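The next block holds one structure in the form of structure tokens; read it before the comments.
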Amino acid sequence: MSFEGQQILPAIRNMKQFERFLESPYQYGVLLDTHLGQVRNIVRLANASNKKILIHVDLIQGLKHDEYAAEFICQEVKPAGLISTRSNVIAKAKQRGIYAIQRLFLLDSSALEKSLELIARNKPDYIEVLPGLVPSLIQEVKKKTGIPIFAGGFVKTSEEVHKALAAGATAVTSSEMGLWKNYQKI
């Protein structure tokens, strides 16, 4: 299984990566590490190239990470989806009919337990599990939630991508451009 035919979701950290994403055959990408003044133009340029952007709201500089910011992004920028650790952002994305992706940092068993409670309340469309290097956590979260999983964070090799996908991840988010090339379908 994959996300819209993609096993890799390119995670875009800078304009060089954005340009590479636009030149790639990938349809969906994840926008990280940018500032509010660039977001609208990035999504507009992506749309003009028949690309769709999932915005990681928590990493947009100059934007508070709350439901009002999410509403602004949904109305003014019109991305394909929002990624966030915050429940109110996930709820707003669901309300606006775009992909709602709950990001989880699984540092220990307590974080896992709290995250599972959060997922049960929010019911996001997808869950991004970080770090994405732990196949047993991918399996556990998927089994306990029934929600498709993205694996992200520290995934740098094709072997790590393969392990995450074999553990049940729908796709892997990565800013490693070498992985983008290895997994692109032409």
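Residue numbering restarts at 1 for every chain of the structure tokens, chains are lettered A, B, ... in their displayed order, and ligands are numbered from 1 as they appear.
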Could you give me, as JSON lines, a per-residue list for region 125-180 of chain A showing, wherever an atom lies at most 8 Å from an atom of region 7-12 of chain A, the closest pair of atoms and their distance in Å to one decimal, using only C-alpha atoms and sorting by chain then residue number from low to high?
{"residue": "A:Leu165", "atom": "CA", "partner": "A:Gln7", "partner_atom": "CA", "distance": 7.9}
{"residue": "A:Thr170", "atom": "CA", "partner": "A:Gln7", "partner_atom": "CA", "distance": 6.8}
{"residue": "A:Ala171", "atom": "CA", "partner": "A:Gln7", "partner_atom": "CA", "distance": 4.4}
{"residue": "A:Val172", "atom": "CA", "partner": "A:Ile8", "partner_atom": "CA", "distance": 4.9}
{"residue": "A:Thr173", "atom": "CA", "partner": "A:Leu9", "partner_atom": "CA", "distance": 4.6}
{"residue": "A:Ser174", "atom": "CA", "partner": "A:Ala11", "partner_atom": "CA", "distance": 5.0}
{"residue": "A:Ser175", "atom": "CA", "partner": "A:Ala11", "partner_atom": "CA", "distance": 4.5}
{"residue": "A:Glu176", "atom": "CA", "partner": "A:Pro10", "partner_atom": "CA", "distance": 7.9}
{"residue": "A:Met177", "atom": "CA", "partner": "A:Pro10", "partner_atom": "CA", "distance": 7.6}
{"residue": "A:Leu179", "atom": "CA", "partner": "A:Ile8", "partner_atom": "CA", "distance": 7.6}
{"residue": "A:Trp180", "atom": "CA", "partner": "A:Pro10", "partner_atom": "CA", "distance": 6.3}
Could you dump the residues just selected with all heavy atoms as an mmCIF file, in the first residue's frame?
data_model
loop_
_atom_site.group_PDB
_atom_site.id
_atom_site.type_symbol
_atom_site.label_atom_id
_atom_site.label_comp_id
_atom_site.auth_asym_id
_atom_site.auth_seq_id
_atom_site.Cartn_x
_atom_site.Cartn_y
_atom_site.Cartn_z
ATOM 1 N N LEU A 165 8.182 0.343 5.497
ATOM 2 C CA LEU A 165 7.065 -0.086 4.646
ATOM 3 C C LEU A 165 6.655 -1.521 4.975
ATOM 4 O O LEU A 165 5.462 -1.832 5.043
ATOM 5 C CB LEU A 165 7.434 0.053 3.167
ATOM 6 C CG LEU A 165 7.673 1.486 2.671
ATOM 7 C CD1 LEU A 165 8.235 1.467 1.252
ATOM 8 C CD2 LEU A 165 6.421 2.329 2.753
ATOM 9 N N THR A 170 2.426 3.331 5.338
ATOM 10 C CA THR A 170 1.855 3.618 4.026
ATOM 11 C C THR A 170 2.869 4.351 3.161
ATOM 12 O O THR A 170 2.935 4.139 1.956
ATOM 13 C CB THR A 170 0.585 4.478 4.202
ATOM 14 O OG1 THR A 170 -0.351 3.712 4.967
ATOM 15 C CG2 THR A 170 -0.035 4.861 2.890
ATOM 16 N N ALA A 171 3.660 5.230 3.798
ATOM 17 C CA ALA A 171 4.689 5.994 3.096
ATOM 18 C C ALA A 171 5.720 6.462 4.113
ATOM 19 O O ALA A 171 5.479 6.410 5.322
ATOM 20 C CB ALA A 171 4.079 7.192 2.366
ATOM 21 N N VAL A 172 6.841 6.931 3.598
ATOM 22 C CA VAL A 172 7.910 7.472 4.427
ATOM 23 C C VAL A 172 8.127 8.917 4.021
ATOM 24 O O VAL A 172 8.259 9.216 2.831
ATOM 25 C CB VAL A 172 9.210 6.655 4.239
ATOM 26 C CG1 VAL A 172 10.369 7.303 4.970
ATOM 27 C CG2 VAL A 172 9.009 5.214 4.692
ATOM 28 N N THR A 173 8.141 9.819 5.009
ATOM 29 C CA THR A 173 8.479 11.212 4.735
ATOM 30 C C THR A 173 9.985 11.363 4.892
ATOM 31 O O THR A 173 10.563 10.877 5.865
ATOM 32 C CB THR A 173 7.740 12.187 5.680
ATOM 33 O OG1 THR A 173 8.097 11.902 7.031
ATOM 34 C CG2 THR A 173 6.240 12.084 5.513
ATOM 35 N N SER A 174 10.627 12.009 3.934
ATOM 36 C CA SER A 174 12.080 12.148 4.002
ATOM 37 C C SER A 174 12.543 13.365 3.227
ATOM 38 O O SER A 174 12.043 13.654 2.147
ATOM 39 C CB SER A 174 12.764 10.900 3.434
ATOM 40 O OG SER A 174 14.166 11.051 3.486
ATOM 41 N N SER A 175 13.541 14.029 3.783
ATOM 42 C CA SER A 175 14.180 15.137 3.071
ATOM 43 C C SER A 175 15.451 14.671 2.365
ATOM 44 O O SER A 175 16.149 15.480 1.753
ATOM 45 C CB SER A 175 14.495 16.284 4.044
ATOM 46 O OG SER A 175 15.346 15.839 5.080
ATOM 47 N N GLU A 176 15.745 13.381 2.421
ATOM 48 C CA GLU A 176 16.910 12.810 1.738
ATOM 49 C C GLU A 176 16.609 12.691 0.244
ATOM 50 O O GLU A 176 15.882 11.797 -0.190
ATOM 51 C CB GLU A 176 17.255 11.432 2.311
ATOM 52 C CG GLU A 176 17.716 11.451 3.745
ATOM 53 C CD GLU A 176 19.101 12.053 3.910
ATOM 54 O OE1 GLU A 176 19.932 11.915 2.986
ATOM 55 O OE2 GLU A 176 19.338 12.659 4.971
ATOM 56 N N MET A 177 17.177 13.582 -0.547
ATOM 57 C CA MET A 177 16.851 13.612 -1.972
ATOM 58 C C MET A 177 17.297 12.344 -2.695
ATOM 59 O O MET A 177 16.712 11.979 -3.712
ATOM 60 C CB MET A 177 17.410 14.869 -2.623
ATOM 61 C CG MET A 177 16.666 16.118 -2.150
ATOM 62 S SD MET A 177 17.003 17.617 -3.103
ATOM 63 C CE MET A 177 18.731 17.848 -2.819
ATOM 64 N N LEU A 179 16.846 9.357 -1.585
ATOM 65 C CA LEU A 179 15.700 8.453 -1.449
ATOM 66 C C LEU A 179 14.571 8.856 -2.390
ATOM 67 O O LEU A 179 13.878 8.005 -2.925
ATOM 68 C CB LEU A 179 15.190 8.423 -0.002
ATOM 69 C CG LEU A 179 16.098 7.740 1.004
ATOM 70 C CD1 LEU A 179 15.511 7.838 2.408
ATOM 71 C CD2 LEU A 179 16.347 6.287 0.621
ATOM 72 N N TRP A 180 14.394 10.149 -2.596
ATOM 73 C CA TRP A 180 13.370 10.596 -3.542
ATOM 74 C C TRP A 180 13.625 9.939 -4.890
ATOM 75 O O TRP A 180 12.722 9.405 -5.516
ATOM 76 C CB TRP A 180 13.390 12.098 -3.735
ATOM 77 C CG TRP A 180 13.153 12.968 -2.545
ATOM 78 C CD1 TRP A 180 13.023 12.594 -1.228
ATOM 79 C CD2 TRP A 180 13.031 14.380 -2.553
ATOM 80 N NE1 TRP A 180 12.833 13.692 -0.449
ATOM 81 C CE2 TRP A 180 12.831 14.806 -1.231
ATOM 82 C CE3 TRP A 180 13.079 15.324 -3.558
ATOM 83 C CZ2 TRP A 180 12.673 16.144 -0.888
ATOM 84 C CZ3 TRP A 180 12.925 16.658 -3.225
ATOM 85 C CH2 TRP A 180 12.714 17.063 -1.894
#
Give me, as CSV, the closest atom pair and its distance (Å, one decimal) for every residue of region 30-118 of chain A within a cut-off of 12 Å of region 123-126 of chain A, counting only C-alpha atoms, rows sorted by chain and rising number.
residue,atom,partner,partner_atom,distance
A:Leu54,CA,A:Tyr126,CA,11.7
A:Gly81,CA,A:Asp125,CA,9.8
A:Leu82,CA,A:Pro124,CA,10.3
A:Ile83,CA,A:Tyr126,CA,9.1
A:Ser84,CA,A:Pro124,CA,10.3
A:Thr85,CA,A:Pro124,CA,11.0
A:Arg86,CA,A:Pro124,CA,11.1
A:Ser87,CA,A:Pro124,CA,9.2
A:Asn88,CA,A:Pro124,CA,11.2
A:Val89,CA,A:Pro124,CA,10.4
A:Ile90,CA,A:Pro124,CA,6.6
A:Ala91,CA,A:Pro124,CA,8.0
A:Lys92,CA,A:Pro124,CA,10.6
A:Ala93,CA,A:Pro124,CA,9.0
A:Lys94,CA,A:Pro124,CA,7.5
A:Gln95,CA,A:Pro124,CA,11.0
A:Gly97,CA,A:Asp125,CA,10.4
A:Ile98,CA,A:Asp125,CA,9.2
A:Tyr99,CA,A:Asp125,CA,6.2
A:Ala100,CA,A:Pro124,CA,5.3
A:Ile101,CA,A:Tyr126,CA,4.7
A:Gln102,CA,A:Pro124,CA,6.0
A:Arg103,CA,A:Tyr126,CA,8.7
A:Leu104,CA,A:Tyr126,CA,10.8
A:Ser115,CA,A:Lys123,CA,11.5
A:Leu116,CA,A:Lys123,CA,10.1
A:Glu117,CA,A:Lys123,CA,10.1
A:Leu118,CA,A:Lys123,CA,8.3
- Which residues, written as a list in words, have at least one atom at most 8 Å from Ile149 (chain A), with only C-alpha atoms counted and residues fewer than 5 positions away on the same chain left out? Tyr126, Ile127, Glu128, Val129, Ile138, Val141, Lys142, Gly168, Ala169, Thr170 and Ala171 of chain A
- Message: Just list as a PyMOL selection string whatever in region 37-186 of chain A DSSP marks as alpha helix (DSSP H).
- Response: chain A and resi 37-48+67-72+87-96+109-122+135-145+158-166+177-183
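Between CA of Val43 (chain A) and CA of Val77 (chain A) the interatomic distance comes to 6.8 Å.
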- Run DSSP on the backbone and give me the residues of region 18-179 of chain A it puts in strand (DSSP E), as a PyMOL selection string. chain A and resi 28-31+34-35+52-56+60-61+81-84+99-105+126-130+149-152+169-174
Output the selection as a short mmCIF file (atom, residue, chain, number, x, y, z; two decimals), in the first residue's frame - N, CA, C and O atoms for each residue.
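Printed below is result11.cif as written:
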data_model
loop_
_atom_site.label_atom_id
_atom_site.label_comp_id
_atom_site.auth_asym_id
_atom_site.auth_seq_id
_atom_site.Cartn_x
_atom_site.Cartn_y
_atom_site.Cartn_z
N TYR A 28 2.75 14.49 -4.45
CA TYR A 28 2.60 15.06 -3.11
C TYR A 28 3.95 15.29 -2.46
O TYR A 28 4.86 14.46 -2.58
N GLY A 29 4.07 16.41 -1.74
CA GLY A 29 5.25 16.72 -0.96
C GLY A 29 4.84 17.35 0.35
O GLY A 29 3.72 17.84 0.50
N VAL A 30 5.76 17.33 1.31
CA VAL A 30 5.54 17.89 2.64
C VAL A 30 6.40 19.13 2.80
O VAL A 30 7.62 19.07 2.64
N LEU A 31 5.77 20.25 3.11
CA LEU A 31 6.49 21.51 3.29
C LEU A 31 6.88 21.67 4.76
O LEU A 31 6.03 21.69 5.64
N THR A 34 9.69 26.74 6.72
CA THR A 34 9.60 27.94 5.89
C THR A 34 8.95 29.03 6.73
O THR A 34 8.65 28.83 7.90
N HIS A 35 8.75 30.19 6.14
CA HIS A 35 8.08 31.25 6.89
C HIS A 35 6.79 31.65 6.18
O HIS A 35 6.59 31.37 5.00
N LYS A 52 0.84 18.70 -5.15
CA LYS A 52 0.03 19.00 -3.97
C LYS A 52 0.93 19.03 -2.75
O LYS A 52 1.80 18.18 -2.60
N ILE A 53 0.67 20.00 -1.89
CA ILE A 53 1.51 20.22 -0.71
C ILE A 53 0.74 19.92 0.57
O ILE A 53 -0.39 20.37 0.75
N LEU A 54 1.41 19.15 1.44
CA LEU A 54 0.97 18.94 2.80
C LEU A 54 1.83 19.86 3.66
O LEU A 54 3.06 19.77 3.61
N ILE A 55 1.22 20.77 4.40
CA ILE A 55 1.98 21.76 5.16
C ILE A 55 2.11 21.32 6.61
O ILE A 55 1.10 21.04 7.27
N HIS A 56 3.36 21.30 7.08
CA HIS A 56 3.58 21.04 8.50
C HIS A 56 3.43 22.37 9.23
O HIS A 56 4.36 23.18 9.28
N ILE A 60 5.98 26.37 10.46
CA ILE A 60 5.88 27.61 9.70
C ILE A 60 6.23 28.78 10.62
O ILE A 60 5.51 29.06 11.58
N GLN A 61 7.34 29.45 10.34
CA GLN A 61 7.75 30.59 11.15
C GLN A 61 6.80 31.77 10.91
O GLN A 61 6.38 32.01 9.79
N GLY A 81 -3.26 19.29 2.57
CA GLY A 81 -3.43 18.79 3.93
C GLY A 81 -2.54 19.52 4.91
O GLY A 81 -1.67 20.31 4.52
N LEU A 82 -2.81 19.26 6.19
CA LEU A 82 -2.03 19.85 7.28
C LEU A 82 -1.45 18.74 8.14
O LEU A 82 -2.13 17.76 8.42
N ILE A 83 -0.22 18.95 8.57
CA ILE A 83 0.45 18.06 9.51
C ILE A 83 0.71 18.86 10.77
O ILE A 83 1.17 20.01 10.70
N SER A 84 0.40 18.26 11.94
CA SER A 84 0.63 18.96 13.19
C SER A 84 0.64 17.98 14.36
O SER A 84 0.06 16.90 14.27
N TYR A 99 -6.58 16.69 4.02
CA TYR A 99 -5.89 15.66 4.80
C TYR A 99 -5.46 16.20 6.16
O TYR A 99 -4.87 17.28 6.25
N ALA A 100 -5.78 15.43 7.20
CA ALA A 100 -5.39 15.76 8.56
C ALA A 100 -4.39 14.70 9.02
O ALA A 100 -4.74 13.53 9.15
N ILE A 101 -3.15 15.13 9.25
CA ILE A 101 -2.07 14.20 9.60
C ILE A 101 -1.53 14.56 10.97
O ILE A 101 -0.92 15.62 11.15
N GLN A 102 -1.76 13.67 11.92
CA GLN A 102 -1.31 13.87 13.31
C GLN A 102 0.13 13.38 13.43
O GLN A 102 0.42 12.22 13.16
N ARG A 103 1.02 14.27 13.83
CA ARG A 103 2.43 13.90 14.00
C ARG A 103 2.66 13.50 15.45
O ARG A 103 2.27 14.21 16.36
N LEU A 104 3.32 12.34 15.64
CA LEU A 104 3.60 11.81 16.97
C LEU A 104 5.09 11.63 17.16
O LEU A 104 5.75 11.02 16.32
N PHE A 105 5.61 12.13 18.27
CA PHE A 105 6.99 11.87 18.66
C PHE A 105 6.94 10.79 19.73
O PHE A 105 6.50 11.04 20.85
N TYR A 126 -4.33 10.33 8.74
CA TYR A 126 -3.05 9.66 8.76
C TYR A 126 -2.33 10.03 10.04
O TYR A 126 -2.61 11.07 10.64
N ILE A 127 -1.36 9.19 10.41
CA ILE A 127 -0.49 9.46 11.55
C ILE A 127 0.94 9.43 11.04
O ILE A 127 1.32 8.50 10.33
N GLU A 128 1.72 10.44 11.42
CA GLU A 128 3.15 10.40 11.12
C GLU A 128 3.88 10.03 12.40
O GLU A 128 3.80 10.74 13.40
N VAL A 129 4.57 8.89 12.38
CA VAL A 129 5.29 8.38 13.54
C VAL A 129 6.76 8.76 13.43
O VAL A 129 7.40 8.47 12.42
N LEU A 130 7.26 9.41 14.48
CA LEU A 130 8.67 9.77 14.55
C LEU A 130 9.26 9.21 15.84
O LEU A 130 8.62 9.34 16.87
N ILE A 149 -0.22 4.88 8.47
CA ILE A 149 0.96 5.48 9.11
C ILE A 149 1.94 6.00 8.07
O ILE A 149 2.23 5.33 7.09
N PHE A 150 2.48 7.19 8.34
CA PHE A 150 3.66 7.68 7.65
C PHE A 150 4.81 7.51 8.65
O PHE A 150 4.65 7.79 9.84
N ALA A 151 5.96 7.08 8.19
CA ALA A 151 7.15 6.98 9.02
C ALA A 151 8.05 8.15 8.67
O ALA A 151 8.29 8.42 7.50
N GLY A 152 8.54 8.85 9.66
CA GLY A 152 9.40 9.99 9.40
C GLY A 152 10.48 10.14 10.44
O GLY A 152 10.41 9.56 11.52
N ALA A 169 3.97 0.82 7.29
CA ALA A 169 3.85 2.25 6.95
C ALA A 169 3.29 2.37 5.53
O ALA A 169 3.65 1.60 4.64
N THR A 170 2.43 3.33 5.34
CA THR A 170 1.85 3.62 4.03
C THR A 170 2.87 4.35 3.16
O THR A 170 2.93 4.14 1.96
N ALA A 171 3.66 5.23 3.80
CA ALA A 171 4.69 5.99 3.10
C ALA A 171 5.72 6.46 4.11
O ALA A 171 5.48 6.41 5.32
N VAL A 172 6.84 6.93 3.60
CA VAL A 172 7.91 7.47 4.43
C VAL A 172 8.13 8.92 4.02
O VAL A 172 8.26 9.22 2.83
N THR A 173 8.14 9.82 5.01
CA THR A 173 8.48 11.21 4.74
C THR A 173 9.98 11.36 4.89
O THR A 173 10.56 10.88 5.87
N SER A 174 10.63 12.01 3.93
CA SER A 174 12.08 12.15 4.00
C SER A 174 12.54 13.37 3.23
O SER A 174 12.04 13.65 2.15
#
- Counting only C-alpha atoms, which of A:Ala111, A:Arg44, A:Val134, A:Glu76 gets nearest to Gly153 (chain A)? A:Val134
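The nearest approach to Pro148 (chain A) among the residues A:Ala46, A:Ser136, A:Ser109, A:Ile119, with only C-alpha atoms taken into account, belongs to A:Ile119.
Taking only C-alpha atoms into account, Ala120 (chain A) lies nearest to A:Gly146 out of the set A:Lys16, A:Gly146, A:Asp33, A:Leu107.
Here the question is which of A:Ala166, A:Glu67, A:Glu159, A:Phe21 gets nearest to Gln139 (chain A) using only C-alpha atoms, and that residue is A:Ala166.
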